file start17.pdb (PDB, C-alpha atoms, pLDDT in the B column)
MODEL        1
ATOM      1  CA  MET O 948      90.361  93.646  80.527  1.00 97.00           C
ATOM      2  CA  LYS O 949      88.652  90.488  79.404  1.00 98.00           C
ATOM      3  CA  SER O 950      85.473  89.065  80.919  1.00 98.00           C
ATOM      4  CA  LYS O 951      83.481  85.890  80.581  1.00 98.00           C
ATOM      5  CA  LEU O 952      80.121  84.741  81.907  1.00 97.00           C
ATOM      6  CA  VAL O 953      80.948  81.279  83.279  1.00 98.00           C
ATOM      7  CA  TRP O 954      77.649  80.313  84.939  1.00 97.00           C
ATOM      8  CA  GLU O 955      74.024  81.445  85.012  1.00 95.00           C
ATOM      9  CA  SER O 956      71.021  80.029  86.846  1.00 91.00           C
ATOM     10  CA  ALA O 957      67.975  81.146  88.844  1.00 84.00           C
ATOM     11  CA  GLY O 958      68.676  84.856  88.561  1.00 79.00           C
ATOM     12  CA  GLY O 959      72.352  84.635  89.443  1.00 92.00           C
ATOM     13  CA  ARG O 960      75.446  84.847  87.280  1.00 97.00           C
ATOM     14  CA  THR O 961      79.146  84.221  87.801  1.00 98.00           C
ATOM     15  CA  PHE O 962      81.710  86.220  85.856  1.00 98.00           C
ATOM     16  CA  VAL O 963      85.467  85.946  85.618  1.00 98.00           C
ATOM     17  CA  LEU O 964      87.393  89.113  84.772  1.00 98.00           C
ATOM     18  CA  VAL O 965      91.058  89.137  83.807  1.00 98.00           C
ATOM     19  CA  LEU O 966      92.610  92.577  84.079  1.00 98.00           C
ATOM     20  CA  ASP O 967      95.735  93.455  82.130  1.00 98.00           C
ATOM     21  CA  ALA O 968      98.917  95.299  83.057  1.00 98.00           C
ATOM     22  CA  GLY O 969      98.194  99.014  83.315  1.00 98.00           C
ATOM     23  CA  ASP O 970      94.479  98.622  84.123  1.00 98.00           C
ATOM     24  CA  GLU O 971      93.243 100.495  87.188  1.00 98.00           C
ATOM     25  CA  ALA O 972      91.439  97.753  89.101  1.00 98.00           C
ATOM     26  CA  PHE O 973      88.795  99.646  91.090  1.00 98.00           C
ATOM     27  CA  GLY O 974      87.620 101.589  88.051  1.00 98.00           C
ATOM     28  CA  GLU O 975      87.620  98.580  85.712  1.00 98.00           C
ATOM     29  CA  ILE O 976      85.592  96.442  88.144  1.00 98.00           C
ATOM     30  CA  THR O 977      83.138  99.290  88.758  1.00 98.00           C
ATOM     31  CA  ASP O 978      82.732  99.885  85.007  1.00 98.00           C
ATOM     32  CA  PHE O 979      82.101  96.171  84.464  1.00 98.00           C
ATOM     33  CA  ALA O 980      79.479  96.121  87.249  1.00 98.00           C
ATOM     34  CA  THR O 981      77.710  99.031  85.534  1.00 98.00           C
ATOM     35  CA  ARG O 982      77.735  97.336  82.104  1.00 98.00           C
ATOM     36  CA  ALA O 983      76.535  94.013  83.573  1.00 97.00           C
ATOM     37  CA  VAL O 984      73.840  95.846  85.594  1.00 96.00           C
ATOM     38  CA  LEU O 985      74.927  94.160  88.821  1.00 96.00           C
ATOM     39  CA  LYS O 986      72.677  95.006  91.760  1.00 94.00           C
ATOM     40  CA  ALA O 987      74.041  92.505  94.306  1.00 95.00           C
ATOM     41  CA  ALA O 988      77.222  90.446  94.142  1.00 97.00           C
ATOM     42  CA  SER O 989      80.253  89.274  96.041  1.00 97.00           C
ATOM     43  CA  LEU O 990      83.734  89.201  94.587  1.00 98.00           C
ATOM     44  CA  THR O 991      87.160  87.769  95.190  1.00 98.00           C
ATOM     45  CA  ALA O 992      90.380  88.576  93.377  1.00 98.00           C
ATOM     46  CA  LEU O 993      94.079  87.846  93.315  1.00 97.00           C
ATOM     47  CA  GLY O 994      96.986  88.976  91.241  1.00 98.00           C
ATOM     48  CA  ALA O 995      99.492  91.779  91.493  1.00 98.00           C
ATOM     49  CA  PHE O 996      99.926  95.545  91.245  1.00 98.00           C
ATOM     50  CA  GLU O 997     102.779  97.851  90.294  1.00 98.00           C
ATOM     51  CA  ARG O 998     101.368 100.197  92.952  1.00 98.00           C
ATOM     52  CA  ALA O 999      98.191 100.396  95.001  1.00 98.00           C
ATOM     53  CA  THR O1000      96.388 102.451  97.608  1.00 98.00           C
ATOM     54  CA  VAL O1001      94.392 101.121 100.528  1.00 98.00           C
ATOM     55  CA  GLY O1002      92.750 103.090 103.281  1.00 98.00           C
ATOM     56  CA  TRP O1003      92.083 103.037 106.982  1.00 98.00           C
ATOM     57  CA  PHE O1004      88.825 104.678 108.023  1.00 97.00           C
ATOM     58  CA  ASP O1005      89.230 107.349 110.688  1.00 97.00           C
ATOM     59  CA  LEU O1006      85.861 107.334 112.431  1.00 95.00           C
ATOM     60  CA  GLN O1007      86.551 110.660 114.196  1.00 95.00           C
ATOM     61  CA  LYS O1008      87.260 112.497 110.937  1.00 96.00           C
ATOM     62  CA  LYS O1009      84.782 110.408 108.871  1.00 96.00           C
ATOM     63  CA  GLU O1010      87.339 109.910 106.124  1.00 96.00           C
ATOM     64  CA  TYR O1011      89.879 107.405 104.876  1.00 97.00           C
ATOM     65  CA  ARG O1012      93.554 107.829 105.650  1.00 98.00           C
ATOM     66  CA  ARG O1013      95.295 106.766 102.451  1.00 98.00           C
ATOM     67  CA  ILE O1014      98.047 104.141 102.687  1.00 98.00           C
ATOM     68  CA  VAL O1015     100.069 104.251  99.478  1.00 98.00           C
ATOM     69  CA  VAL O1016     101.981 101.134  98.478  1.00 98.00           C
ATOM     70  CA  GLY O1017     104.372 102.557  95.880  1.00 98.00           C
ATOM     71  CA  GLU O1018     105.999  99.290  94.835  1.00 98.00           C
ATOM     72  CA  GLN O1019     105.192  95.992  93.151  1.00 98.00           C
ATOM     73  CA  CYS O1020     102.928  94.015  95.467  1.00 98.00           C
ATOM     74  CA  GLU O1021     100.953  90.792  95.425  1.00 98.00           C
ATOM     75  CA  GLY O1022      97.204  90.898  95.902  1.00 98.00           C
ATOM     76  CA  LEU O1023      97.098  88.124  98.498  1.00 97.00           C
ATOM     77  CA  SER O1024      93.417  88.556  99.223  1.00 96.00           C
ATOM     78  CA  LEU O1025      90.905  90.970  97.765  1.00 98.00           C
ATOM     79  CA  LEU O1026      87.315  90.577  98.922  1.00 98.00           C
ATOM     80  CA  GLY O1027      84.295  92.710  98.329  1.00 98.00           C
ATOM     81  CA  ASP O1028      80.702  93.228  97.397  1.00 98.00           C
ATOM     82  CA  ILE O1029      78.645  95.207  94.952  1.00 97.00           C
ATOM     83  CA  ALA O1030      75.364  96.864  95.906  1.00 97.00           C
ATOM     84  CA  VAL O1031      73.260  99.664  94.464  1.00 95.00           C
ATOM     85  CA  GLY O1032      74.342 103.065  95.782  1.00 95.00           C
ATOM     86  CA  ASP O1033      72.233 106.108  96.602  1.00 94.00           C
ATOM     87  CA  ASP O1034      72.780 107.267  93.016  1.00 95.00           C
ATOM     88  CA  GLY O1035      71.212 104.061  91.626  1.00 94.00           C
ATOM     89  CA  LYS O1036      74.559 102.850  90.243  1.00 95.00           C
ATOM     90  CA  PRO O1037      76.649  99.846  91.323  1.00 96.00           C
ATOM     91  CA  SER O1038      78.704 100.629  94.423  1.00 96.00           C
ATOM     92  CA  LEU O1039      81.893  98.578  94.844  1.00 97.00           C
ATOM     93  CA  HIS O1040      83.309  97.955  98.330  1.00 98.00           C
ATOM     94  CA  MET O1041      86.582  96.013  98.568  1.00 98.00           C
ATOM     95  CA  HIS O1042      89.247  95.240 101.122  1.00 98.00           C
ATOM     96  CA  ALA O1043      92.745  94.044 100.277  1.00 98.00           C
ATOM     97  CA  VAL O1044      95.758  92.404 101.835  1.00 98.00           C
ATOM     98  CA  LEU O1045      98.857  93.250  99.786  1.00 98.00           C
ATOM     99  CA  GLY O1046     102.127  91.344 100.142  1.00 98.00           C
ATOM    100  CA  LEU O1047     105.402  93.242  99.793  1.00 98.00           C
ATOM    101  CA  HIS O1048     108.832  92.041  98.616  1.00 97.00           C
ATOM    102  CA  ASP O1049     110.061  91.356 102.162  1.00 98.00           C
ATOM    103  CA  GLY O1050     107.016  89.321 103.182  1.00 97.00           C
ATOM    104  CA  SER O1051     105.362  92.144 105.091  1.00 98.00           C
ATOM    105  CA  VAL O1052     101.808  93.152 104.263  1.00 98.00           C
ATOM    106  CA  ARG O1053      99.672  96.249 103.964  1.00 98.00           C
ATOM    107  CA  GLY O1054      95.921  96.060 104.070  1.00 98.00           C
ATOM    108  CA  GLY O1055      92.730  98.014 104.271  1.00 98.00           C
ATOM    109  CA  HIS O1056      89.887  99.405 102.224  1.00 98.00           C
ATOM    110  CA  PHE O1057      90.939  98.996  98.570  1.00 98.00           C
ATOM    111  CA  MET O1058      90.955 102.370  96.841  1.00 98.00           C
ATOM    112  CA  GLN O1059      93.127 101.992  93.750  1.00 98.00           C
ATOM    113  CA  GLY O1060      95.555  99.597  92.130  1.00 98.00           C
ATOM    114  CA  ILE O1061      97.473  99.637  88.846  1.00 98.00           C
ATOM    115  CA  VAL O1062      97.611  96.014  87.703  1.00 98.00           C
ATOM    116  CA  ARG O1063     100.938  94.348  86.862  1.00 98.00           C
ATOM    117  CA  PRO O1064     101.009  91.746  85.422  1.00 98.00           C
ATOM    118  CA  THR O1065      97.400  90.548  85.940  1.00 98.00           C
ATOM    119  CA  LEU O1066      94.426  90.483  88.285  1.00 98.00           C
ATOM    120  CA  GLU O1067      91.872  87.674  88.228  1.00 98.00           C
ATOM    121  CA  VAL O1068      88.453  88.576  89.611  1.00 98.00           C
ATOM    122  CA  THR O1069      85.483  86.290  90.229  1.00 98.00           C
ATOM    123  CA  ILE O1070      82.113  88.005  90.671  1.00 98.00           C
ATOM    124  CA  VAL O1071      79.123  86.016  91.938  1.00 98.00           C
ATOM    125  CA  GLU O1072      75.789  87.758  91.482  1.00 96.00           C
ATOM    126  CA  THR O1073      72.887  87.001  93.797  1.00 90.00           C
ATOM    127  CA  PRO O1074      69.231  87.278  92.801  1.00 83.00           C
ATOM    128  CA  ALA O1075      68.380  89.509  95.800  1.00 83.00           C
ATOM    129  CA  HIS O1076      69.211  93.178  95.301  1.00 82.00           C
ATOM    130  CA  LEU O1077      71.282  95.026  97.876  1.00 84.00           C
ATOM    131  CA  ARG O1078      71.145  98.745  98.588  1.00 90.00           C
ATOM    132  CA  ARG O1079      74.001 100.818  99.999  1.00 93.00           C
ATOM    133  CA  LYS O1080      72.851 103.975 101.810  1.00 93.00           C
ATOM    134  CA  LYS O1081      74.938 106.883 103.061  1.00 94.00           C
ATOM    135  CA  ARG O1082      75.025 107.069 106.861  1.00 94.00           C
ATOM    136  CA  PRO O1083      75.807 110.733 107.623  1.00 94.00           C
ATOM    137  CA  GLU O1084      76.593 110.025 111.271  1.00 95.00           C
ATOM    138  CA  LEU O1085      79.411 107.703 110.135  1.00 93.00           C
ATOM    139  CA  GLY O1086      80.422 109.337 106.866  1.00 94.00           C
ATOM    140  CA  LEU O1087      80.078 105.954 105.122  1.00 94.00           C
ATOM    141  CA  ALA O1088      77.634 104.195 102.826  1.00 94.00           C
ATOM    142  CA  LEU O1089      76.636 100.820 104.289  1.00 94.00           C
ATOM    143  CA  ILE O1090      74.381  98.013 103.083  1.00 93.00           C
ATOM    144  CA  ASP O1091      70.834  98.668 104.242  1.00 90.00           C
ATOM    145  CA  PHE O1092      68.333  95.799 104.090  1.00 83.00           C
TER     146      PHE O1092
ENDMDL
END

call {"tool": "encode", "arguments": {"input": "start17.pdb", "output": "structure tokens"}}
result
Amino acid sequence: MKSKLVWESAGGRTFVLVLDAGDEAFGEITDFATRAVLKAASLTALGAFERATVGWFDLQKKEYRRIVVGEQCEGLSLLGDIAVGDDGKPSLHMHAVLGLHDGSVRGGHFMQGIVRPTLEVTIVETPAHLRRKKRPELGLALIDF
């Protein structure tokens, strides 16, 4: 993965990350957020994966049902945010729409993706810090102002 700071002003920064074939996207973005000490940011990404996993949240069971996409797919839209989690570390939350070879799509909460050939990510930091807190009644960590 390569990264570059492309803009900085008034407490906010914009980074561009370019992930390489074989990189695991969720982990690489999370590791970058930790190194850059990101406390509040939004992100967008596009590219492709050799395989990926998204999830659908089952509110009754308070867990994600994994949807495995075991083939080459296009990252048509990946959107997310970064906030500080209960553990004090950056917490990445992303959703994805993945295009398949026949034009159909799979989408949901982005859990994992092995990049092939590339993934381009733009991260825009905001000067206000966001906090993500675990909501036991939901089984999820949500942004808490």

call {"tool": "axis_aligned_box", "arguments": {"input": "start17.pdb", "around": "segment 971-987 of chain O", "padding_each_side": "6 Å", "output": "lines of an AutoDock Vina configuration file"}}
result
center_x = 83.0
center_y = 97.0
center_z = 88.2
size_x = 32.6
size_y = 21.1
size_z = 24.2

call {"tool": "residues_around", "arguments": {"input": "start17.pdb", "residues": "segment 1038-1053 of chain O", "least_positions_apart": "4", "cutoff": "6 Å", "atoms": "all atoms listed in the file", "output": "PDB file with C-alpha atoms, in the coordinates of the input"}}
result
ATOM      1  CA  CYS O1020     102.928  94.015  95.467  1.00 98.00           C
ATOM      2  CA  GLU O1021     100.953  90.792  95.425  1.00 98.00           C
ATOM      3  CA  GLY O1022      97.204  90.898  95.902  1.00 98.00           C
ATOM      4  CA  LEU O1023      97.098  88.124  98.498  1.00 97.00           C
ATOM      5  CA  SER O1024      93.417  88.556  99.223  1.00 96.00           C
ATOM      6  CA  LEU O1025      90.905  90.970  97.765  1.00 98.00           C
ATOM      7  CA  LEU O1026      87.315  90.577  98.922  1.00 98.00           C
ATOM      8  CA  GLY O1027      84.295  92.710  98.329  1.00 98.00           C
ATOM      9  CA  ASP O1028      80.702  93.228  97.397  1.00 98.00           C
ATOM     10  CA  ILE O1029      78.645  95.207  94.952  1.00 97.00           C
ATOM     11  CA  ALA O1030      75.364  96.864  95.906  1.00 97.00           C
ATOM     12  CA  VAL O1031      73.260  99.664  94.464  1.00 95.00           C
ATOM     13  CA  GLY O1032      74.342 103.065  95.782  1.00 95.00           C
ATOM     14  CA  PHE O1057      90.939  98.996  98.570  1.00 98.00           C
TER      15      PHE O1057
END

call {"tool": "atom_distance", "arguments": {"input": "start17.pdb", "atom1": "atom CA of Val1016 of chain O", "atom2": "atom CA of Arg998 of chain O"}}
result
5.6 Å

call {"tool": "closest_residue", "arguments": {"input": "start17.pdb", "among": "O:Trp1003, O:Gly1086, O:Glu1067, O:Thr1073", "to": "Ser950 of chain O", "atoms": "only C-alpha atoms"}}
result
O:Glu1067

call {"tool": "closest_residue", "arguments": {"input": "start17.pdb", "among": "O:Arg1012, O:Arg960, O:Arg1078, O:Lys949", "to": "Ala983 of chain O", "atoms": "all atoms listed in the file"}}
result
O:Arg960

call {"tool": "resolve_selection", "arguments": {"input": "start17.pdb", "expression": "the PyMOL selection byres ((chain O and resi 1085) around 12)", "output": "VMD selection string"}}
result
chain O and resid 1004 to 1011 1080 to 1084 1086 to 1089

call {"tool": "atom_distance", "arguments": {"input": "start17.pdb", "atom1": "atom CA of Leu964 of chain O", "atom2": "atom CA of Gly994 of chain O"}}
result
11.6 Å

call {"tool": "resolve_selection", "arguments": {"input": "start17.pdb", "expression": "the PyMOL selection byres ((chain O and resi 948) around 6)", "output": "number ranges by chain"}}
result
O: 949, 965-967

call {"tool": "atom_distance", "arguments": {"input": "start17.pdb", "atom1": "atom CA of Val963 of chain O", "atom2": "atom CA of Ala995 of chain O"}}
result
16.3 Å

call {"tool": "closest_residue", "arguments": {"input": "start17.pdb", "among": "O:Ala957, O:Arg1079, O:Ile1014, O:Pro1037", "to": "Val984 of chain O", "atoms": "all atoms listed in the file"}}
result
O:Pro1037

call {"tool": "resolve_selection", "arguments": {"input": "start17.pdb", "expression": "the PyMOL selection byres ((chain O and resi 972-981) around 7)", "output": "tab-separated table (two decimals) with C-alpha atoms, in the coordinates of the input"}}
result
chain	number	residue	atom	x	y	z
O	970	ASP	CA	94.48	98.62	84.12
O	971	GLU	CA	93.24	100.50	87.19
O	982	ARG	CA	77.74	97.34	82.10
O	983	ALA	CA	76.54	94.01	83.57
O	984	VAL	CA	73.84	95.85	85.59
O	985	LEU	CA	74.93	94.16	88.82
O	1036	LYS	CA	74.56	102.85	90.24
O	1037	PRO	CA	76.65	99.85	91.32
O	1039	LEU	CA	81.89	98.58	94.84
O	1058	MET	CA	90.96	102.37	96.84
O	1059	GLN	CA	93.13	101.99	93.75
O	1060	GLY	CA	95.56	99.60	92.13
O	1061	ILE	CA	97.47	99.64	88.85
O	1062	VAL	CA	97.61	96.01	87.70

call {"tool": "residues_near_point", "arguments": {"input": "start17.pdb", "point": "(97.7, 104.5, 100.0)", "cutoff": "7 Å", "atoms": "only C-alpha atoms", "output": "ChimeraX atom specification"}}
result
/O:999-1002,1013-1016

call {"tool": "write_last_selection", "arguments": {"input": "start17.pdb", "atoms": "C-alpha atoms", "output": "compact mmCIF listing (two decimals), in the frame of the given file"}}
result
# COMPACT_ATOMS: atom_id res chain seq x y z
CA ALA O 999 98.19 100.40 95.00
CA THR O 1000 96.39 102.45 97.61
CA VAL O 1001 94.39 101.12 100.53
CA GLY O 1002 92.75 103.09 103.28
CA ARG O 1013 95.30 106.77 102.45
CA ILE O 1014 98.05 104.14 102.69
CA VAL O 1015 100.07 104.25 99.48
CA VAL O 1016 101.98 101.13 98.48

call {"tool": "closest_residue", "arguments": {"input": "start17.pdb", "among": "O:Glu997, O:Ala987, O:Lys951, O:Ile1090", "to": "Gln1019 of chain O", "atoms": "all atoms listed in the file"}}
result
O:Glu997

call {"tool": "residues_near_point", "arguments": {"input": "start17.pdb", "point": "(84.3, 87.5, 96.1)", "cutoff": "7 Å", "atoms": "all atoms listed in the file", "output": "list of chain:residue names"}}
result
O:Ser989, O:Leu990, O:Thr991, O:Ala992, O:Leu1026, O:Gly1027, O:Asp1028, O:Thr1069, O:Ile1070, O:Val1071

call {"tool": "build_atoms", "arguments": {"input": "start17.pdb", "residues": "segment 1017-1028 of chain O", "atoms": "N, CA and C atoms", "output": "short mmCIF file (atom, residue, chain, number, x, y, z; two decimals), keeping the file's coordinate frame"}}
result
data_model
loop_
_atom_site.label_atom_id
_atom_site.label_comp_id
_atom_site.auth_asym_id
_atom_site.auth_seq_id
_atom_site.Cartn_x
_atom_site.Cartn_y
_atom_site.Cartn_z
N GLY O 1017 103.76 102.08 97.11
CA GLY O 1017 104.37 102.56 95.88
C GLY O 1017 105.37 101.60 95.27
N GLU O 1018 105.10 100.30 95.39
CA GLU O 1018 106.00 99.29 94.84
C GLU O 1018 105.19 98.09 94.37
N GLN O 1019 105.82 97.23 93.59
CA GLN O 1019 105.19 95.99 93.15
C GLN O 1019 104.72 95.22 94.38
N CYS O 1020 103.48 94.76 94.34
CA CYS O 1020 102.93 94.02 95.47
C CYS O 1020 101.98 92.94 94.96
N GLU O 1021 101.86 91.89 95.74
CA GLU O 1021 100.95 90.79 95.42
C GLU O 1021 99.61 91.05 96.08
N GLY O 1022 98.55 90.85 95.33
CA GLY O 1022 97.20 90.90 95.90
C GLY O 1022 96.93 89.55 96.53
N LEU O 1023 97.23 89.41 97.81
CA LEU O 1023 97.10 88.12 98.50
C LEU O 1023 95.64 87.77 98.73
N SER O 1024 94.84 88.77 99.00
CA SER O 1024 93.42 88.56 99.22
C SER O 1024 92.69 89.86 98.95
N LEU O 1025 91.78 89.83 98.02
CA LEU O 1025 90.90 90.97 97.76
C LEU O 1025 89.48 90.44 97.83
N LEU O 1026 88.69 91.01 98.71
CA LEU O 1026 87.32 90.58 98.92
C LEU O 1026 86.40 91.78 98.87
N GLY O 1027 85.20 91.58 98.36
CA GLY O 1027 84.30 92.71 98.33
C GLY O 1027 82.89 92.35 97.96
N ASP O 1028 82.08 93.40 97.84
CA ASP O 1028 80.70 93.23 97.40
C ASP O 1028 80.31 94.40 96.51
#
